[in-house]
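Structure file upload22.cif (mmCIF, C-alpha atoms) follows.
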data_input
#
loop_
_atom_site.label_atom_id
_atom_site.label_comp_id
_atom_site.auth_asym_id
_atom_site.auth_seq_id
_atom_site.Cartn_x
_atom_site.Cartn_y
_atom_site.Cartn_z
CA MET A 295 -2.20 2.64 76.14
CA SER A 296 -0.39 0.07 78.30
CA GLN A 297 3.34 -0.50 78.24
CA THR A 298 4.68 -3.96 77.54
CA HIS A 299 7.49 -4.71 79.95
CA ASN A 300 9.84 -7.31 78.56
CA ASN A 301 13.56 -7.75 78.12
CA HIS A 302 13.61 -6.43 74.59
CA SER A 303 11.94 -3.03 74.51
CA HIS A 304 9.39 -0.70 76.07
CA VAL A 305 7.50 -0.29 72.83
CA THR A 306 3.74 0.09 73.01
CA SER A 307 1.94 -1.86 70.33
CA ASN A 308 -0.49 0.15 68.25
CA THR A 309 -0.46 -2.35 65.43
CA ILE A 310 -4.15 -3.17 65.55
CA PHE A 311 -5.15 0.49 65.52
CA GLY A 312 -2.69 1.18 62.71
CA PHE A 313 -4.08 -1.72 60.73
CA TRP A 314 -7.58 -0.36 61.25
CA VAL A 315 -6.48 3.01 59.85
CA TYR A 316 -5.00 1.21 56.84
CA LEU A 317 -8.35 -0.60 56.28
CA LEU A 318 -10.08 2.79 56.34
CA THR A 319 -7.75 4.12 53.63
CA ASP A 320 -8.63 1.02 51.63
CA CYS A 321 -12.30 1.94 52.09
CA MET A 322 -11.47 5.36 50.67
CA MET A 323 -9.94 3.74 47.62
CA PHE A 324 -12.95 1.52 47.05
CA ALA A 325 -15.25 4.52 47.51
CA THR A 326 -13.53 6.20 44.57
CA PHE A 327 -13.92 3.02 42.51
CA PHE A 328 -17.65 2.99 43.28
CA ALA A 329 -17.94 6.64 42.28
CA THR A 330 -16.17 5.80 39.02
CA TYR A 331 -18.54 2.91 38.38
CA ALA A 332 -21.51 5.14 39.12
CA VAL A 333 -20.29 7.62 36.51
CA LEU A 334 -19.27 5.09 33.86
CA HIS A 335 -21.80 2.29 34.22
CA ASN A 336 -23.80 3.40 31.17
CA ASN A 337 -20.78 3.89 28.89
CA THR A 338 -21.16 0.64 27.04
CA PHE A 339 -19.95 1.93 23.64
CA GLY A 340 -22.70 -0.03 21.92
CA GLY A 341 -21.89 -3.22 23.79
CA PRO A 342 -24.11 -5.13 26.22
CA SER A 343 -25.23 -3.38 29.39
CA ALA A 344 -24.91 -4.51 33.01
CA LYS A 345 -28.43 -5.90 32.88
CA GLU A 346 -27.57 -8.10 29.90
CA LEU A 347 -24.18 -9.18 31.17
CA PHE A 348 -24.63 -9.99 34.86
CA ASP A 349 -26.26 -13.00 36.43
CA ILE A 350 -27.67 -11.61 39.66
CA ARG A 351 -28.23 -15.11 41.06
CA LEU A 352 -24.51 -15.81 40.80
CA ALA A 353 -23.86 -12.52 42.58
CA LEU A 354 -26.29 -13.48 45.35
CA GLY A 355 -24.48 -16.79 45.71
CA GLU A 356 -21.15 -14.98 45.96
CA THR A 357 -22.58 -12.67 48.61
CA ILE A 358 -23.87 -15.52 50.77
CA ILE A 359 -20.60 -17.46 50.44
CA LEU A 360 -18.58 -14.41 51.49
CA LEU A 361 -20.97 -13.73 54.39
CA CYS A 362 -20.46 -17.31 55.58
CA SER A 363 -16.68 -16.91 55.35
CA SER A 364 -16.81 -13.67 57.34
CA PHE A 365 -18.94 -15.45 59.95
CA THR A 366 -16.60 -18.46 60.30
CA CYS A 367 -13.62 -16.07 60.50
CA GLY A 368 -15.23 -14.26 63.44
CA LEU A 369 -16.08 -17.58 65.10
CA ALA A 370 -12.48 -18.72 64.66
CA MET A 371 -11.19 -15.86 66.78
CA LEU A 372 -13.68 -16.66 69.55
CA PHE A 373 -11.58 -19.77 70.22
CA ALA A 374 -8.35 -17.78 70.46
CA PRO A 375 -8.62 -16.41 74.02
CA LYS A 376 -9.43 -19.98 75.13
CA ARG A 377 -6.21 -21.17 73.44
CA ASN A 378 -8.29 -23.72 71.51
CA LEU A 379 -6.01 -24.60 68.59
CA THR A 380 -8.48 -27.00 66.93
CA GLY A 381 -11.28 -24.44 66.97
CA VAL A 382 -9.20 -21.64 65.51
CA VAL A 383 -7.64 -23.80 62.80
CA LEU A 384 -10.84 -25.59 61.76
CA LEU A 385 -12.83 -22.38 61.41
CA TYR A 386 -10.04 -20.57 59.55
CA VAL A 387 -9.84 -23.54 57.17
CA LEU A 388 -13.61 -23.23 56.60
CA THR A 389 -13.11 -19.50 55.97
CA PHE A 390 -10.40 -20.35 53.46
CA ILE A 391 -12.65 -22.85 51.65
CA PHE A 392 -15.48 -20.34 51.39
CA GLY A 393 -12.97 -17.80 50.07
CA VAL A 394 -11.76 -20.19 47.37
CA VAL A 395 -15.36 -20.91 46.33
CA PHE A 396 -15.95 -17.16 46.09
CA ILE A 397 -12.93 -16.71 43.81
CA ALA A 398 -14.09 -19.66 41.70
CA MET A 399 -17.52 -18.08 41.25
CA GLN A 400 -15.87 -14.77 40.39
CA SER A 401 -13.76 -16.55 37.76
CA ILE A 402 -16.87 -18.08 36.22
CA GLU A 403 -18.34 -14.61 35.97
CA PHE A 404 -15.22 -13.17 34.34
CA SER A 405 -15.04 -16.12 31.93
CA SER A 406 -18.55 -15.56 30.71
CA ILE A 407 -17.68 -11.94 29.92
CA PHE A 408 -14.44 -12.88 28.13
CA ALA A 409 -16.35 -15.56 26.20
CA LYS A 410 -18.46 -12.80 24.67
CA GLY A 411 -15.31 -11.23 23.32
CA LEU A 412 -15.38 -8.45 25.92
CA SER A 413 -12.83 -7.27 28.46
CA TRP A 414 -11.88 -4.21 30.54
CA LYS A 415 -10.60 -2.66 27.32
CA SER A 416 -14.00 -2.78 25.62
CA ASN A 417 -15.62 0.26 27.16
CA GLY A 418 -15.75 2.55 30.19
CA PHE A 419 -18.43 0.48 31.87
CA LEU A 420 -16.33 -2.70 31.82
CA SER A 421 -13.15 -0.83 32.76
CA SER A 422 -14.81 0.41 35.93
CA TYR A 423 -16.50 -2.94 36.58
CA PHE A 424 -13.26 -4.92 36.34
CA THR A 425 -11.53 -2.35 38.54
CA VAL A 426 -14.05 -2.70 41.36
CA ILE A 427 -14.42 -6.48 41.19
CA GLY A 428 -10.79 -7.12 40.24
CA VAL A 429 -9.24 -5.13 43.09
CA HIS A 430 -11.67 -6.69 45.56
CA SER A 431 -10.81 -10.20 44.32
CA LEU A 432 -7.11 -9.41 44.56
CA HIS A 433 -7.67 -8.44 48.20
CA ILE A 434 -9.46 -11.76 48.76
CA ILE A 435 -6.60 -13.68 47.15
CA VAL A 436 -4.06 -11.91 49.36
CA GLY A 437 -6.19 -12.90 52.35
CA LEU A 438 -6.23 -16.50 51.12
CA PHE A 439 -2.43 -16.43 51.17
CA MET A 440 -2.36 -14.90 54.66
CA ILE A 441 -4.58 -17.56 56.22
CA PRO A 442 -2.20 -20.54 55.79
CA VAL A 443 0.84 -18.39 56.62
CA PHE A 444 -0.64 -17.23 59.93
CA LEU A 445 -2.01 -20.68 60.75
CA LEU A 446 1.50 -22.03 60.23
CA GLN A 447 2.81 -19.42 62.67
CA LEU A 448 0.12 -20.49 65.12
CA PHE A 449 1.34 -24.09 64.83
CA LEU A 450 4.99 -23.10 65.21
CA TYR A 451 4.79 -20.49 67.97
CA GLY A 452 1.47 -21.13 69.70
CA PHE A 453 -0.81 -18.41 71.06
CA THR A 454 1.82 -15.73 71.55
CA GLU A 455 1.07 -12.01 71.70
CA VAL A 456 2.42 -11.52 68.19
CA VAL A 457 0.44 -14.42 66.69
CA LEU A 458 -2.80 -13.23 68.33
CA ARG A 459 -2.24 -9.74 66.99
CA ARG A 460 -1.70 -11.02 63.47
CA LEU A 461 -4.74 -13.29 63.57
CA THR A 462 -6.81 -10.36 64.81
CA CYS A 463 -5.60 -8.16 61.96
CA LEU A 464 -6.46 -10.98 59.54
CA ARG A 465 -9.96 -11.21 61.00
CA MET A 466 -10.46 -7.43 60.65
CA TYR A 467 -9.18 -7.62 57.07
CA TRP A 468 -11.59 -10.42 56.21
CA HIS A 469 -14.62 -8.65 57.75
CA PHE A 470 -13.67 -5.48 55.89
CA LEU A 471 -13.63 -7.40 52.58
CA TYR A 472 -17.23 -8.51 53.14
CA LEU A 473 -18.14 -4.92 54.08
CA ILE A 474 -16.80 -3.72 50.73
CA TRP A 475 -18.65 -6.53 48.98
CA ILE A 476 -21.98 -5.41 50.52
CA PHE A 477 -21.57 -2.13 48.64
CA THR A 478 -20.30 -3.87 45.53
CA PHE A 479 -23.35 -6.14 45.43
CA ALA A 480 -25.71 -3.21 45.88
CA ILE A 481 -24.06 -0.74 43.51
CA VAL A 482 -22.88 -3.05 40.75
CA TYR A 483 -25.48 -5.82 40.72
CA LEU A 484 -28.63 -4.53 42.36
CA ILE A 485 -28.74 -0.93 41.15
CA GLY A 486 -26.36 -1.14 38.21
CA SER A 487 -28.37 -3.82 36.45
CA LYS A 488 -31.68 -1.98 36.44
CA MET B 563 -0.17 -4.77 74.60
CA GLU B 564 -3.25 -3.05 73.28
CA LYS B 565 -6.43 -4.86 74.17
CA ILE B 566 -7.75 -7.23 71.50
CA GLU B 567 -11.50 -7.22 71.04
CA TYR B 568 -12.90 -10.67 70.26
CA GLY B 569 -16.64 -10.09 70.15
CA ASN B 570 -18.97 -12.82 71.33
CA LEU B 571 -20.99 -15.66 69.84
CA ARG B 572 -24.30 -13.85 70.19
CA SER B 573 -23.20 -10.80 68.20
CA TYR B 574 -21.76 -13.01 65.43
CA VAL B 575 -24.83 -15.27 65.09
CA PHE B 576 -27.19 -12.29 65.29
CA GLY B 577 -25.12 -10.38 62.74
CA PHE B 578 -24.92 -13.35 60.41
CA VAL B 579 -28.66 -14.07 60.44
CA LEU B 580 -29.64 -10.40 60.08
CA SER B 581 -27.14 -9.83 57.26
CA LEU B 582 -28.48 -12.87 55.45
CA LEU B 583 -32.07 -11.65 55.80
CA ILE B 584 -31.21 -8.13 54.65
CA THR B 585 -29.30 -9.48 51.64
CA LEU B 586 -32.19 -11.73 50.64
CA LEU B 587 -34.70 -8.93 51.13
CA ALA B 588 -32.72 -6.55 48.91
CA TYR B 589 -32.29 -9.30 46.32
CA PHE B 590 -36.01 -10.11 46.15
CA LEU B 591 -36.98 -6.43 46.08
CA VAL B 592 -34.88 -6.05 42.95
CA THR B 593 -35.58 -9.31 41.15
CA LYS B 594 -39.31 -9.44 41.83
CA ASP B 595 -39.73 -5.72 41.03
CA LEU B 596 -41.60 -5.14 44.23
CA LEU B 597 -41.03 -1.40 44.27
CA ALA B 598 -41.08 1.39 41.70
CA ARG B 599 -37.77 2.85 40.58
CA PRO B 600 -37.05 5.77 42.92
CA PHE B 601 -38.34 3.81 45.92
CA LEU B 602 -36.35 0.74 44.92
CA ASP B 603 -33.09 2.70 44.91
CA ALA B 604 -33.90 4.21 48.30
CA ALA B 605 -34.84 0.82 49.77
CA VAL B 606 -31.67 -0.88 48.50
CA ALA B 607 -29.54 2.02 49.74
CA PHE B 608 -31.22 1.88 53.14
CA LEU B 609 -30.78 -1.91 53.40
CA THR B 610 -27.16 -1.71 52.25
CA LEU B 611 -26.25 0.99 54.75
CA GLY B 612 -28.15 -0.92 57.42
CA GLN B 613 -26.21 -4.09 56.75
CA ALA B 614 -22.93 -2.15 56.65
CA LEU B 615 -23.72 -0.63 60.04
CA LEU B 616 -24.59 -4.09 61.36
CA GLN B 617 -21.29 -5.48 60.13
CA LEU B 618 -19.34 -2.57 61.61
CA VAL B 619 -20.92 -2.90 65.04
CA LEU B 620 -21.26 -6.68 65.32
CA PHE B 621 -18.32 -8.03 63.33
CA LEU B 622 -15.82 -5.20 63.40
CA ASP B 623 -16.55 -4.09 66.98
CA LEU B 624 -16.71 -0.44 66.00
CA LEU B 625 -18.32 0.56 69.28
CA LYS B 626 -15.99 -1.48 71.46
CA GLY B 627 -12.82 -0.19 73.01
CA GLU B 628 -12.13 2.20 75.82
CA LYS B 629 -12.84 5.90 75.51
CA PRO B 630 -11.78 7.92 73.61
CA ARG B 631 -12.76 5.48 70.88
CA TRP B 632 -10.11 6.41 68.36
CA ASN B 633 -11.20 3.61 66.03
CA LEU B 634 -14.67 5.19 65.82
CA ILE B 635 -13.24 8.70 65.44
CA VAL B 636 -11.02 7.84 62.48
CA PHE B 637 -13.85 5.80 60.94
CA LEU B 638 -16.15 8.85 61.04
CA PHE B 639 -13.41 10.95 59.50
CA MET B 640 -12.99 8.41 56.69
CA LEU B 641 -16.77 8.52 56.12
CA LEU B 642 -16.66 12.31 55.89
CA VAL B 643 -13.87 12.32 53.32
CA ALA B 644 -15.45 9.46 51.35
CA VAL B 645 -18.85 11.15 51.21
CA ILE B 646 -17.29 14.43 50.06
CA ILE B 647 -15.28 12.70 47.36
CA VAL B 648 -17.99 10.34 46.12
CA PHE B 649 -20.91 12.74 46.25
CA GLY B 650 -18.80 15.61 44.93
CA SER B 651 -17.42 13.58 42.03
CA VAL B 652 -20.76 12.14 41.00
CA TRP B 653 -22.36 15.59 41.22
CA ILE B 654 -19.64 17.23 39.15
CA MET B 655 -19.66 14.47 36.53
CA TYR B 656 -23.43 14.61 36.28
CA ASN B 657 -23.22 18.37 35.81
CA LEU B 658 -20.61 18.02 33.10
CA SER B 659 -22.62 15.31 31.39
CA TYR B 660 -25.68 17.55 31.39
CA ASN B 661 -24.00 20.81 30.39
CA LEU B 662 -21.63 19.41 27.81
CA LYS B 663 -24.09 17.25 25.90
#
Take the structure in the file and write it out as structure tokens.
Amino acid sequence: MSQTHNNHSHVTSNTIFGFWVYLLTDCMMFATFFATYAVLHNNTFGGPSAKELFDIRLALGETIILLCSSFTCGLAMLFAPKRNLTGVVLLYVLTFIFGVVFIAMQSIEFSSIFAKGLSWKSNGFLSSYFTVIGVHSLHIIVGLFMIPVFLLQLFLYGFTEVVLRRLTCLRMYWHFLYLIWIFTFAIVYLIGSK
Amino acid sequence: MEKIEYGNLRSYVFGFVLSLLITLLAYFLVTKDLLARPFLDAAVAFLTLGQALLQLVLFLDLLKGEKPRWNLIVFLFMLLVAVIIVFGSVWIMYNLSYNLK
């Protein structure tokens, strides 16, 4: 690891590696949620099953939207080493828009379940379902807050070492959220609704 | 400062297109009932893991970085722990469900 020589400290930055380790612990957490869903997905307590409740076309739409957002996020950071402010900002804004659309689609899905008089309190199946989808959506929402905050820092401070590090962590975070969604789509919607 | 990996356009476009194709393939396998049950599960699992691997290599640069690749090492450790926990839990719960019926 290289040393940064500046007037303030001789601290080596391991932030990106540390953030990666954090993302892996988050993966662990989601893995346990998936295991829980696998165990509980038939516990409907007489209520409707996954097959009856989920619209797989909506889920496919959500998947494609999130894939697009992950793609634009990666593209955004390709402009960073070239110090291209317009490129980075434009693509992160696109990422943000895709993220908002994803949350909107997720809300539609939740609404249709609530409209049937059901919730996470209804049975084990829905408890585990709302846990998986809910925690993932919360992660997305946090990311949607981070995007404007870091873009603001980019505007204020330019392409400094710190700003680049933060944008990189944000990119890793956003890719990781799509990674989790791949498994969510497969386990909850593809397999769980058969 | 530690080196930031940015990836390149080719890996992102390639990853995007492949991920899209894999997603659509898995979706149509399920909705059009193209495979019988045990094979369907295996196919979806295979496609899902394939896409995850694709994402890890192409978007998350898992194989980048100078040796020793600590990011890869800790990732493999996380996989080990996750597999033990998930497989172990599902196995135990299945056993309980069977034996305590």
Report as a ChimeraX atom specification the full result of the PyMOL selection byres ((chain B) within 7 of (chain A)) when it is applied to this structure. /B:563-564,568,570,574,578,592,603,606,610,614,617,621-622,633,637,640,644,648,651-652,655
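Between atom CA of Asn661 of chain B and atom CA of Phe339 of chain A the interatomic distance comes to 20.5 Å.
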From atom CA of Leu412 of chain A to atom CA of Ala398 of chain A the spacing works out at 19.4 Å
Nearest-residue call for His335 of chain A, choices A:Trp414, A:Phe444, A:Phe419, A:Phe348, using all atoms listed in the file: A:Phe419
